[in-house]
>>> print(open('query_12.pdb').read())   # PDB, N, CA and C atoms
ATOM      1  N   MET A1259      20.093 177.669 175.375
ATOM      2  CA  MET A1259      20.232 176.700 176.443
ATOM      3  C   MET A1259      19.737 175.352 175.937
ATOM      4  N   ARG A1260      20.508 174.299 176.191
ATOM      5  CA  ARG A1260      20.120 172.957 175.778
ATOM      6  C   ARG A1260      19.546 172.191 176.952
ATOM      7  N   TYR A1261      18.507 171.451 176.671
ATOM      8  CA  TYR A1261      17.908 170.587 177.679
ATOM      9  C   TYR A1261      18.088 169.154 177.227
ATOM     10  N   THR A1262      18.388 168.290 178.147
ATOM     11  CA  THR A1262      18.485 166.876 177.817
ATOM     12  C   THR A1262      17.384 166.134 178.540
ATOM     13  N   VAL A1263      16.805 165.213 177.832
ATOM     14  CA  VAL A1263      15.742 164.397 178.404
ATOM     15  C   VAL A1263      16.311 163.014 178.645
ATOM     16  N   SER A1264      16.261 162.557 179.860
ATOM     17  CA  SER A1264      16.737 161.230 180.199
ATOM     18  C   SER A1264      15.611 160.232 179.952
ATOM     19  N   MET A1265      15.832 159.363 179.004
ATOM     20  CA  MET A1265      14.845 158.344 178.667
ATOM     21  C   MET A1265      14.930 157.228 179.698
ATOM     22  N   ALA A1266      13.811 156.872 180.275
ATOM     23  CA  ALA A1266      13.795 155.790 181.250
ATOM     24  C   ALA A1266      14.095 154.476 180.536
ATOM     25  N   LEU A1267      15.047 153.742 181.055
ATOM     26  CA  LEU A1267      15.398 152.451 180.489
ATOM     27  C   LEU A1267      14.784 151.348 181.337
ATOM     28  N   ALA A1268      14.293 150.339 180.670
ATOM     29  CA  ALA A1268      13.650 149.227 181.357
ATOM     30  C   ALA A1268      14.672 148.360 182.080
ATOM     31  N   SER A1269      14.229 147.739 183.159
ATOM     32  CA  SER A1269      15.061 146.804 183.920
ATOM     33  C   SER A1269      14.694 145.382 183.546
ATOM     34  N   GLY A1270      15.213 144.456 184.309
ATOM     35  CA  GLY A1270      14.895 143.055 184.099
ATOM     36  C   GLY A1270      13.744 142.627 184.986
ATOM     37  N   VAL A1271      13.550 141.341 185.100
ATOM     38  CA  VAL A1271      12.473 140.789 185.912
ATOM     39  C   VAL A1271      12.873 140.742 187.383
ATOM     40  N   ALA A1272      14.053 140.202 187.651
ATOM     41  CA  ALA A1272      14.510 140.047 189.033
ATOM     42  C   ALA A1272      15.562 141.083 189.407
ATOM     43  N   HIS A1273      16.113 141.771 188.415
ATOM     44  CA  HIS A1273      17.207 142.713 188.664
ATOM     45  C   HIS A1273      16.870 144.097 188.131
ATOM     46  N   LYS A1274      17.271 145.120 188.877
ATOM     47  CA  LYS A1274      17.160 146.493 188.407
ATOM     48  C   LYS A1274      18.402 146.836 187.605
ATOM     49  N   LEU A1275      18.243 147.714 186.653
ATOM     50  CA  LEU A1275      19.348 148.143 185.812
ATOM     51  C   LEU A1275      20.352 148.932 186.642
ATOM     52  N   PRO A1276      21.602 148.446 186.771
ATOM     53  CA  PRO A1276      22.586 149.157 187.583
ATOM     54  C   PRO A1276      23.034 150.452 186.887
ATOM     55  N   ALA A1277      23.467 151.401 187.697
ATOM     56  CA  ALA A1277      23.823 152.733 187.192
ATOM     57  C   ALA A1277      24.925 152.690 186.145
ATOM     58  N   ASP A1278      25.949 151.851 186.336
ATOM     59  CA  ASP A1278      27.051 151.835 185.371
ATOM     60  C   ASP A1278      26.616 151.318 184.006
ATOM     61  N   LEU A1279      25.770 150.305 183.981
ATOM     62  CA  LEU A1279      25.256 149.789 182.710
ATOM     63  C   LEU A1279      24.277 150.795 182.101
ATOM     64  N   ARG A1280      23.442 151.415 182.915
ATOM     65  CA  ARG A1280      22.500 152.432 182.441
ATOM     66  C   ARG A1280      23.237 153.578 181.748
ATOM     67  N   THR A1281      24.307 154.059 182.358
ATOM     68  CA  THR A1281      25.071 155.176 181.804
ATOM     69  C   THR A1281      25.590 154.852 180.406
ATOM     70  N   VAL A1282      26.127 153.658 180.234
ATOM     71  CA  VAL A1282      26.675 153.267 178.939
ATOM     72  C   VAL A1282      25.554 153.088 177.914
ATOM     73  N   LEU A1283      24.452 152.488 178.309
ATOM     74  CA  LEU A1283      23.324 152.316 177.394
ATOM     75  C   LEU A1283      22.752 153.668 176.950
ATOM     76  N   GLU A1284      22.699 154.626 177.855
ATOM     77  CA  GLU A1284      22.168 155.937 177.513
ATOM     78  C   GLU A1284      23.040 156.658 176.487
ATOM     79  N   LYS A1285      24.317 156.335 176.435
ATOM     80  CA  LYS A1285      25.239 156.992 175.514
ATOM     81  C   LYS A1285      25.292 156.338 174.137
ATOM     82  N   ASP A1286      24.741 155.140 174.006
ATOM     83  CA  ASP A1286      24.828 154.400 172.743
ATOM     84  C   ASP A1286      23.420 154.144 172.209
ATOM     85  N   ALA A1287      23.030 154.909 171.203
ATOM     86  CA  ALA A1287      21.659 154.839 170.691
ATOM     87  C   ALA A1287      21.306 153.459 170.145
ATOM     88  N   ALA A1288      22.219 152.829 169.414
ATOM     89  CA  ALA A1288      21.935 151.513 168.835
ATOM     90  C   ALA A1288      21.757 150.458 169.922
ATOM     91  N   ALA A1289      22.626 150.473 170.912
ATOM     92  CA  ALA A1289      22.506 149.517 172.017
ATOM     93  C   ALA A1289      21.238 149.787 172.819
ATOM     94  N   ARG A1290      20.906 151.056 173.005
ATOM     95  CA  ARG A1290      19.696 151.411 173.751
ATOM     96  C   ARG A1290      18.448 150.911 173.024
ATOM     97  N   ARG A1291      18.405 151.068 171.697
ATOM     98  CA  ARG A1291      17.254 150.562 170.930
ATOM     99  C   ARG A1291      17.144 149.052 171.062
ATOM    100  N   ALA A1292      18.279 148.359 170.977
ATOM    101  CA  ALA A1292      18.271 146.906 171.115
ATOM    102  C   ALA A1292      17.808 146.505 172.515
ATOM    103  N   TRP A1293      18.271 147.243 173.531
ATOM    104  CA  TRP A1293      17.896 146.979 174.918
ATOM    105  C   TRP A1293      16.380 147.074 175.098
ATOM    106  N   GLU A1294      15.800 148.088 174.520
ATOM    107  CA  GLU A1294      14.355 148.285 174.656
ATOM    108  C   GLU A1294      13.563 147.267 173.835
ATOM    109  N   ASP A1295      14.201 146.670 172.834
ATOM    110  CA  ASP A1295      13.517 145.714 171.962
ATOM    111  C   ASP A1295      13.505 144.296 172.535
ATOM    112  N   ILE A1296      14.451 143.970 173.419
ATOM    113  CA  ILE A1296      14.491 142.611 173.962
ATOM    114  C   ILE A1296      13.463 142.458 175.092
ATOM    115  N   THR A1297      13.185 141.235 175.452
ATOM    116  CA  THR A1297      12.183 140.957 176.483
ATOM    117  C   THR A1297      12.723 141.291 177.875
ATOM    118  N   PRO A1298      11.833 141.478 178.850
ATOM    119  CA  PRO A1298      12.290 141.690 180.230
ATOM    120  C   PRO A1298      13.163 140.543 180.742
ATOM    121  N   LEU A1299      12.866 139.314 180.349
ATOM    122  CA  LEU A1299      13.704 138.183 180.770
ATOM    123  C   LEU A1299      15.093 138.273 180.157
ATOM    124  N   ALA A1300      15.181 138.693 178.910
ATOM    125  CA  ALA A1300      16.482 138.851 178.265
ATOM    126  C   ALA A1300      17.274 139.974 178.934
ATOM    127  N   ARG A1301      16.610 141.097 179.255
ATOM    128  CA  ARG A1301      17.292 142.184 179.971
ATOM    129  C   ARG A1301      17.801 141.679 181.318
ATOM    130  N   ASN A1302      16.994 140.872 181.981
ATOM    131  CA  ASN A1302      17.384 140.293 183.262
ATOM    132  C   ASN A1302      18.661 139.472 183.122
ATOM    133  N   GLU A1303      18.759 138.690 182.047
ATOM    134  CA  GLU A1303      19.944 137.864 181.816
ATOM    135  C   GLU A1303      21.189 138.742 181.647
ATOM    136  N   TRP A1304      21.083 139.802 180.847
ATOM    137  CA  TRP A1304      22.225 140.701 180.655
ATOM    138  C   TRP A1304      22.637 141.343 181.974
ATOM    139  N   ILE A1305      21.661 141.837 182.734
ATOM    140  CA  ILE A1305      21.973 142.491 184.012
ATOM    141  C   ILE A1305      22.655 141.518 184.962
ATOM    142  N   CYS A1306      22.120 140.325 185.082
ATOM    143  CA  CYS A1306      22.695 139.333 185.995
ATOM    144  C   CYS A1306      24.097 138.941 185.543
ATOM    145  N   TRP A1307      24.288 138.793 184.242
ATOM    146  CA  TRP A1307      25.607 138.441 183.722
ATOM    147  C   TRP A1307      26.629 139.522 184.073
ATOM    148  N   VAL A1308      26.246 140.777 183.881
ATOM    149  CA  VAL A1308      27.156 141.892 184.193
ATOM    150  C   VAL A1308      27.453 141.940 185.685
ATOM    151  N   THR A1309      26.436 141.860 186.508
ATOM    152  CA  THR A1309      26.621 142.047 187.954
ATOM    153  C   THR A1309      27.184 140.821 188.663
ATOM    154  N   SER A1310      27.198 139.678 187.999
ATOM    155  CA  SER A1310      27.720 138.471 188.649
ATOM    156  C   SER A1310      29.249 138.406 188.619
ATOM    157  N   GLY A1311      29.873 139.275 187.869
ATOM    158  CA  GLY A1311      31.337 139.327 187.879
ATOM    159  C   GLY A1311      31.829 139.794 189.249
ATOM    160  N   LYS A1312      32.767 139.102 189.806
ATOM    161  CA  LYS A1312      33.218 139.427 191.161
ATOM    162  C   LYS A1312      34.200 140.596 191.212
ATOM    163  N   ARG A1313      34.971 140.788 190.152
ATOM    164  CA  ARG A1313      35.966 141.864 190.138
ATOM    165  C   ARG A1313      35.466 143.038 189.301
ATOM    166  N   GLU A1314      35.892 144.220 189.652
ATOM    167  CA  GLU A1314      35.464 145.429 188.942
ATOM    168  C   GLU A1314      35.887 145.403 187.472
ATOM    169  N   ASP A1315      37.091 144.895 187.195
ATOM    170  CA  ASP A1315      37.524 144.854 185.799
ATOM    171  C   ASP A1315      36.710 143.843 184.997
ATOM    172  N   THR A1316      36.276 142.745 185.622
ATOM    173  CA  THR A1316      35.406 141.782 184.944
ATOM    174  C   THR A1316      34.079 142.440 184.601
ATOM    175  N   ARG A1317      33.536 143.182 185.533
ATOM    176  CA  ARG A1317      32.271 143.879 185.300
ATOM    177  C   ARG A1317      32.399 144.886 184.157
ATOM    178  N   SER A1318      33.487 145.645 184.130
ATOM    179  CA  SER A1318      33.711 146.620 183.062
ATOM    180  C   SER A1318      33.797 145.934 181.697
ATOM    181  N   ILE A1319      34.495 144.817 181.649
ATOM    182  CA  ILE A1319      34.607 144.053 180.406
ATOM    183  C   ILE A1319      33.231 143.555 179.975
ATOM    184  N   ARG A1320      32.452 143.074 180.924
ATOM    185  CA  ARG A1320      31.116 142.556 180.591
ATOM    186  C   ARG A1320      30.179 143.666 180.120
ATOM    187  N   ILE A1321      30.310 144.846 180.664
ATOM    188  CA  ILE A1321      29.489 145.967 180.198
ATOM    189  C   ILE A1321      29.848 146.294 178.751
ATOM    190  N   ALA A1322      31.138 146.360 178.456
ATOM    191  CA  ALA A1322      31.571 146.646 177.080
ATOM    192  C   ALA A1322      31.085 145.562 176.121
ATOM    193  N   LYS A1323      31.169 144.294 176.542
ATOM    194  CA  LYS A1323      30.693 143.197 175.696
ATOM    195  C   LYS A1323      29.179 143.244 175.517
ATOM    196  N   THR A1324      28.461 143.630 176.560
ATOM    197  CA  THR A1324      27.006 143.751 176.459
ATOM    198  C   THR A1324      26.641 144.746 175.369
ATOM    199  N   ILE A1325      27.279 145.906 175.390
ATOM    200  CA  ILE A1325      26.991 146.935 174.394
ATOM    201  C   ILE A1325      27.328 146.427 173.000
ATOM    202  N   SER A1326      28.485 145.834 172.851
ATOM    203  CA  SER A1326      28.920 145.311 171.554
ATOM    204  C   SER A1326      27.964 144.242 171.029
ATOM    205  N   LYS A1327      27.586 143.334 171.899
ATOM    206  CA  LYS A1327      26.716 142.233 171.479
ATOM    207  C   LYS A1327      25.293 142.710 171.182
ATOM    208  N   LEU A1328      24.784 143.650 171.960
ATOM    209  CA  LEU A1328      23.470 144.210 171.662
ATOM    210  C   LEU A1328      23.487 144.897 170.300
ATOM    211  N   ARG A1329      24.548 145.655 170.026
ATOM    212  CA  ARG A1329      24.665 146.345 168.738
ATOM    213  C   ARG A1329      24.731 145.342 167.590
ATOM    214  N   ALA A1330      25.279 144.152 167.853
ATOM    215  CA  ALA A1330      25.408 143.114 166.830
ATOM    216  C   ALA A1330      24.139 142.275 166.697
ATOM    217  N   GLY A1331      23.142 142.538 167.537
ATOM    218  CA  GLY A1331      21.874 141.827 167.418
ATOM    219  C   GLY A1331      21.661 140.674 168.369
ATOM    220  N   MET A1332      22.619 140.418 169.255
ATOM    221  CA  MET A1332      22.432 139.338 170.230
ATOM    222  C   MET A1332      21.361 139.748 171.241
ATOM    223  N   ARG A1333      20.501 138.819 171.579
ATOM    224  CA  ARG A1333      19.400 139.125 172.472
ATOM    225  C   ARG A1333      19.631 138.621 173.901
ATOM    226  N   ARG A1334      20.571 137.703 174.071
ATOM    227  CA  ARG A1334      20.911 137.166 175.392
ATOM    228  C   ARG A1334      22.406 136.877 175.451
ATOM    229  N   PRO A1335      22.983 136.851 176.667
ATOM    230  CA  PRO A1335      24.402 136.502 176.774
ATOM    231  C   PRO A1335      24.626 135.071 176.293
ATOM    232  N   CYS A1336      25.694 134.872 175.572
ATOM    233  CA  CYS A1336      26.013 133.560 175.024
ATOM    234  C   CYS A1336      26.890 132.767 176.004
ATOM    235  N   CYS A1337      26.719 131.490 175.990
ATOM    236  CA  CYS A1337      27.593 130.578 176.747
ATOM    237  C   CYS A1337      27.576 130.876 178.251
ATOM    238  N   TRP A1338      26.409 131.172 178.768
ATOM    239  CA  TRP A1338      26.248 131.455 180.193
ATOM    240  C   TRP A1338      25.047 130.661 180.668
ATOM    241  N   ALA A1339      25.134 130.063 181.832
ATOM    242  CA  ALA A1339      24.072 129.183 182.334
ATOM    243  C   ALA A1339      22.764 129.919 182.565
ATOM    244  N   GLY A1340      22.811 131.205 182.745
ATOM    245  CA  GLY A1340      21.589 131.978 182.939
ATOM    246  C   GLY A1340      21.425 132.436 184.379
ATOM    247  N   CYS A1341      20.506 133.342 184.557
ATOM    248  CA  CYS A1341      20.269 133.949 185.866
ATOM    249  C   CYS A1341      19.638 132.932 186.816
ATOM    250  N   PRO A1342      20.266 132.710 187.953
ATOM    251  CA  PRO A1342      19.698 131.773 188.931
ATOM    252  C   PRO A1342      18.601 132.420 189.782
ATOM    253  N   HIS A1343      18.358 133.711 189.599
ATOM    254  CA  HIS A1343      17.429 134.446 190.463
ATOM    255  C   HIS A1343      15.996 134.503 189.949
ATOM    256  N   ARG A1344      15.732 134.002 188.780
ATOM    257  CA  ARG A1344      14.357 134.123 188.255
ATOM    258  C   ARG A1344      13.530 132.924 188.565
TER     259      ARG A1344
END
>>> encode(input="query_12.pdb", output="structure tokens")
Amino acid sequence: MRYTVSMALASGVAHKLPADLRTVLEKDAAARRAWEDITPLARNEWICWVTSGKREDTRSIRIAKTISKLRAGMRRPCCWAGCPHR
């Protein structure tokens, strides 16, 4: 019998980690390591960027880009004004 341990992933400062982004991060070890290595403010920026998309397909695209960019070493979303909630 196999047991899986769900590693708790950190959230941002003003935003909690949404379930759809959490699911993808849990499946990608490199992105998950990068996620845990960035600051809470940086995590907040990624979460706000993903959740600020108004359409579901925009959100899906942003989640995929988040994973790709984290794997590439980016610590914050590029070319975005930043989270207005902090």
>>> atom_distance(input="query_12.pdb", atom1="atom C of His1273 of chain A", atom2="atom C of Trp1293 of chain A")
13.4 Å
>>> select_by_dssp(input="query_12.pdb", residues="segment 1309-1342 of chain A", states="alpha helix (DSSP H)", output="compact mmCIF listing (two decimals) with N, CA and C atoms, in the frame of the given file")
# COMPACT_ATOMS: atom_id res chain seq x y z
N THR A 1309 26.44 141.86 186.51
CA THR A 1309 26.62 142.05 187.95
C THR A 1309 27.18 140.82 188.66
N GLU A 1314 35.89 144.22 189.65
CA GLU A 1314 35.46 145.43 188.94
C GLU A 1314 35.89 145.40 187.47
N ASP A 1315 37.09 144.90 187.20
CA ASP A 1315 37.52 144.85 185.80
C ASP A 1315 36.71 143.84 185.00
N THR A 1316 36.28 142.74 185.62
CA THR A 1316 35.41 141.78 184.94
C THR A 1316 34.08 142.44 184.60
N ARG A 1317 33.54 143.18 185.53
CA ARG A 1317 32.27 143.88 185.30
C ARG A 1317 32.40 144.89 184.16
N SER A 1318 33.49 145.65 184.13
CA SER A 1318 33.71 146.62 183.06
C SER A 1318 33.80 145.93 181.70
N ILE A 1319 34.49 144.82 181.65
CA ILE A 1319 34.61 144.05 180.41
C ILE A 1319 33.23 143.56 179.98
N ARG A 1320 32.45 143.07 180.92
CA ARG A 1320 31.12 142.56 180.59
C ARG A 1320 30.18 143.67 180.12
N ILE A 1321 30.31 144.85 180.66
CA ILE A 1321 29.49 145.97 180.20
C ILE A 1321 29.85 146.29 178.75
N ALA A 1322 31.14 146.36 178.46
CA ALA A 1322 31.57 146.65 177.08
C ALA A 1322 31.08 145.56 176.12
N LYS A 1323 31.17 144.29 176.54
CA LYS A 1323 30.69 143.20 175.70
C LYS A 1323 29.18 143.24 175.52
N THR A 1324 28.46 143.63 176.56
CA THR A 1324 27.01 143.75 176.46
C THR A 1324 26.64 144.75 175.37
N ILE A 1325 27.28 145.91 175.39
CA ILE A 1325 26.99 146.94 174.39
C ILE A 1325 27.33 146.43 173.00
N SER A 1326 28.48 145.83 172.85
CA SER A 1326 28.92 145.31 171.55
C SER A 1326 27.96 144.24 171.03
N LYS A 1327 27.59 143.33 171.90
CA LYS A 1327 26.72 142.23 171.48
C LYS A 1327 25.29 142.71 171.18
N LEU A 1328 24.78 143.65 171.96
CA LEU A 1328 23.47 144.21 171.66
C LEU A 1328 23.49 144.90 170.30
N ARG A 1329 24.55 145.66 170.03
CA ARG A 1329 24.66 146.34 168.74
C ARG A 1329 24.73 145.34 167.59
>>> closest_residue(input="query_12.pdb", among="A:Lys1285, A:Asp1278, A:Arg1301, A:Cys1341", to="Ile1321 of chain A", atoms="only N, CA and C atoms")
A:Asp1278
>>> residues_around(input="query_12.pdb", residues="segment 1326-1332 of chain A", least_positions_apart="3", cutoff="6 Å", atoms="all atoms listed in the file", output="list in words")
Ala1288, Ala1289, Ala1292, Ala1322 and Lys1323 of chain A
>>> resolve_selection(input="query_12.pdb", expression="the PyMOL selection byres ((chain A and resi 1344) around 7)", output="PyMOL selection string")
chain A and resi 1271-1272+1341-1343
>>> atom_distance(input="query_12.pdb", atom1="atom CA of Leu1267 of chain A", atom2="atom C of Glu1303 of chain A")
14.9 Å
>>> atom_distance(input="query_12.pdb", atom1="atom CA of Asp1315 of chain A", atom2="atom CA of Arg1280 of chain A")
17.2 Å
>>> axis_aligned_box(input="query_12.pdb", around="segment 1288-1298 of chain A", padding_each_side="4 Å", output="AutoDock Vina command-line options")
--center_x 17.2 --center_y 146.7 --center_z 174.8 --size_x 18.8 --size_y 20.3 --size_z 19.9
>>> decode(input="query_12.pdb", residues="segment 1295-1307 of chain A", atoms="all heavy atoms", output="short mmCIF file (atom, residue, chain, number, x, y, z; two decimals), in the first residue's frame")
data_model
loop_
_atom_site.label_atom_id
_atom_site.label_comp_id
_atom_site.auth_asym_id
_atom_site.auth_seq_id
_atom_site.Cartn_x
_atom_site.Cartn_y
_atom_site.Cartn_z
N ASP A 1295 11.03 28.72 -2.17
CA ASP A 1295 12.25 29.52 -2.03
C ASP A 1295 11.99 31.02 -2.15
O ASP A 1295 12.77 31.81 -1.64
CB ASP A 1295 13.27 29.08 -3.09
CG ASP A 1295 14.61 29.74 -2.90
OD1 ASP A 1295 15.16 29.66 -1.79
OD2 ASP A 1295 15.11 30.36 -3.87
N ILE A 1296 10.90 31.42 -2.81
CA ILE A 1296 10.64 32.85 -2.97
C ILE A 1296 10.01 33.42 -1.69
O ILE A 1296 9.51 32.68 -0.85
CB ILE A 1296 9.78 33.15 -4.21
CG1 ILE A 1296 8.41 32.47 -4.13
CG2 ILE A 1296 10.52 32.74 -5.48
CD1 ILE A 1296 7.47 32.77 -5.31
N THR A 1297 10.00 34.72 -1.59
CA THR A 1297 9.48 35.39 -0.40
C THR A 1297 7.95 35.34 -0.38
O THR A 1297 7.32 35.16 -1.42
CB THR A 1297 9.90 36.87 -0.36
OG1 THR A 1297 9.27 37.56 -1.44
CG2 THR A 1297 11.42 37.02 -0.45
N PRO A 1298 7.34 35.53 0.80
CA PRO A 1298 5.88 35.61 0.86
C PRO A 1298 5.31 36.71 -0.03
O PRO A 1298 4.24 36.53 -0.62
CB PRO A 1298 5.59 35.89 2.34
CG PRO A 1298 6.77 35.31 3.06
CD PRO A 1298 7.94 35.55 2.14
N LEU A 1299 6.00 37.83 -0.15
CA LEU A 1299 5.52 38.90 -1.04
C LEU A 1299 5.56 38.47 -2.49
O LEU A 1299 4.65 38.78 -3.27
CB LEU A 1299 6.34 40.18 -0.86
CG LEU A 1299 5.98 41.04 0.34
CD1 LEU A 1299 6.94 42.21 0.47
CD2 LEU A 1299 4.56 41.54 0.24
N ALA A 1300 6.59 37.74 -2.88
CA ALA A 1300 6.69 37.24 -4.25
C ALA A 1300 5.58 36.22 -4.52
O ALA A 1300 4.95 36.26 -5.58
CB ALA A 1300 8.06 36.63 -4.51
N ARG A 1301 5.32 35.32 -3.56
CA ARG A 1301 4.22 34.36 -3.72
C ARG A 1301 2.90 35.11 -3.87
O ARG A 1301 2.04 34.75 -4.68
CB ARG A 1301 4.17 33.40 -2.54
CG ARG A 1301 5.27 32.37 -2.56
CD ARG A 1301 5.06 31.29 -1.54
NE ARG A 1301 5.13 31.75 -0.17
CZ ARG A 1301 6.23 31.78 0.56
NH1 ARG A 1301 7.38 31.36 0.07
NH2 ARG A 1301 6.19 32.20 1.80
N ASN A 1302 2.73 36.16 -3.10
CA ASN A 1302 1.52 36.98 -3.17
C ASN A 1302 1.34 37.55 -4.57
O ASN A 1302 0.23 37.57 -5.11
CB ASN A 1302 1.62 38.11 -2.14
CG ASN A 1302 0.31 38.78 -1.91
OD1 ASN A 1302 -0.58 38.21 -1.32
ND2 ASN A 1302 0.18 40.01 -2.40
N GLU A 1303 2.44 38.02 -5.18
CA GLU A 1303 2.37 38.59 -6.53
C GLU A 1303 1.92 37.53 -7.54
O GLU A 1303 1.06 37.80 -8.38
CB GLU A 1303 3.74 39.15 -6.94
CG GLU A 1303 4.23 40.30 -6.09
CD GLU A 1303 3.41 41.57 -6.26
OE1 GLU A 1303 3.09 41.93 -7.39
OE2 GLU A 1303 3.11 42.20 -5.24
N TRP A 1304 2.49 36.33 -7.46
CA TRP A 1304 2.09 35.26 -8.38
C TRP A 1304 0.61 34.91 -8.20
O TRP A 1304 -0.13 34.78 -9.17
CB TRP A 1304 2.93 34.00 -8.17
CG TRP A 1304 4.32 34.10 -8.71
CD1 TRP A 1304 5.48 34.15 -7.98
CD2 TRP A 1304 4.72 34.16 -10.08
NE1 TRP A 1304 6.56 34.24 -8.83
CE2 TRP A 1304 6.11 34.24 -10.12
CE3 TRP A 1304 4.01 34.16 -11.28
CZ2 TRP A 1304 6.83 34.32 -11.32
CZ3 TRP A 1304 4.73 34.23 -12.48
CH2 TRP A 1304 6.11 34.31 -12.48
N ILE A 1305 0.18 34.77 -6.95
CA ILE A 1305 -1.22 34.42 -6.68
C ILE A 1305 -2.16 35.49 -7.22
O ILE A 1305 -3.15 35.19 -7.89
CB ILE A 1305 -1.46 34.19 -5.17
CG1 ILE A 1305 -0.69 32.96 -4.68
CG2 ILE A 1305 -2.95 34.04 -4.88
CD1 ILE A 1305 -0.62 32.84 -3.16
N CYS A 1306 -1.85 36.74 -6.95
CA CYS A 1306 -2.71 37.83 -7.41
C CYS A 1306 -2.73 37.90 -8.93
O CYS A 1306 -3.79 38.11 -9.53
CB CYS A 1306 -2.25 39.15 -6.80
SG CYS A 1306 -3.41 40.52 -7.05
N TRP A 1307 -1.58 37.69 -9.55
CA TRP A 1307 -1.52 37.71 -11.01
C TRP A 1307 -2.41 36.62 -11.61
O TRP A 1307 -3.18 36.86 -12.53
CB TRP A 1307 -0.07 37.55 -11.46
CG TRP A 1307 0.12 37.58 -12.95
CD1 TRP A 1307 -0.11 38.64 -13.78
CD2 TRP A 1307 0.56 36.51 -13.77
NE1 TRP A 1307 0.18 38.28 -15.08
CE2 TRP A 1307 0.60 36.98 -15.10
CE3 TRP A 1307 0.94 35.20 -13.52
CZ2 TRP A 1307 1.00 36.18 -16.16
CZ3 TRP A 1307 1.36 34.41 -14.58
CH2 TRP A 1307 1.37 34.91 -15.88
#
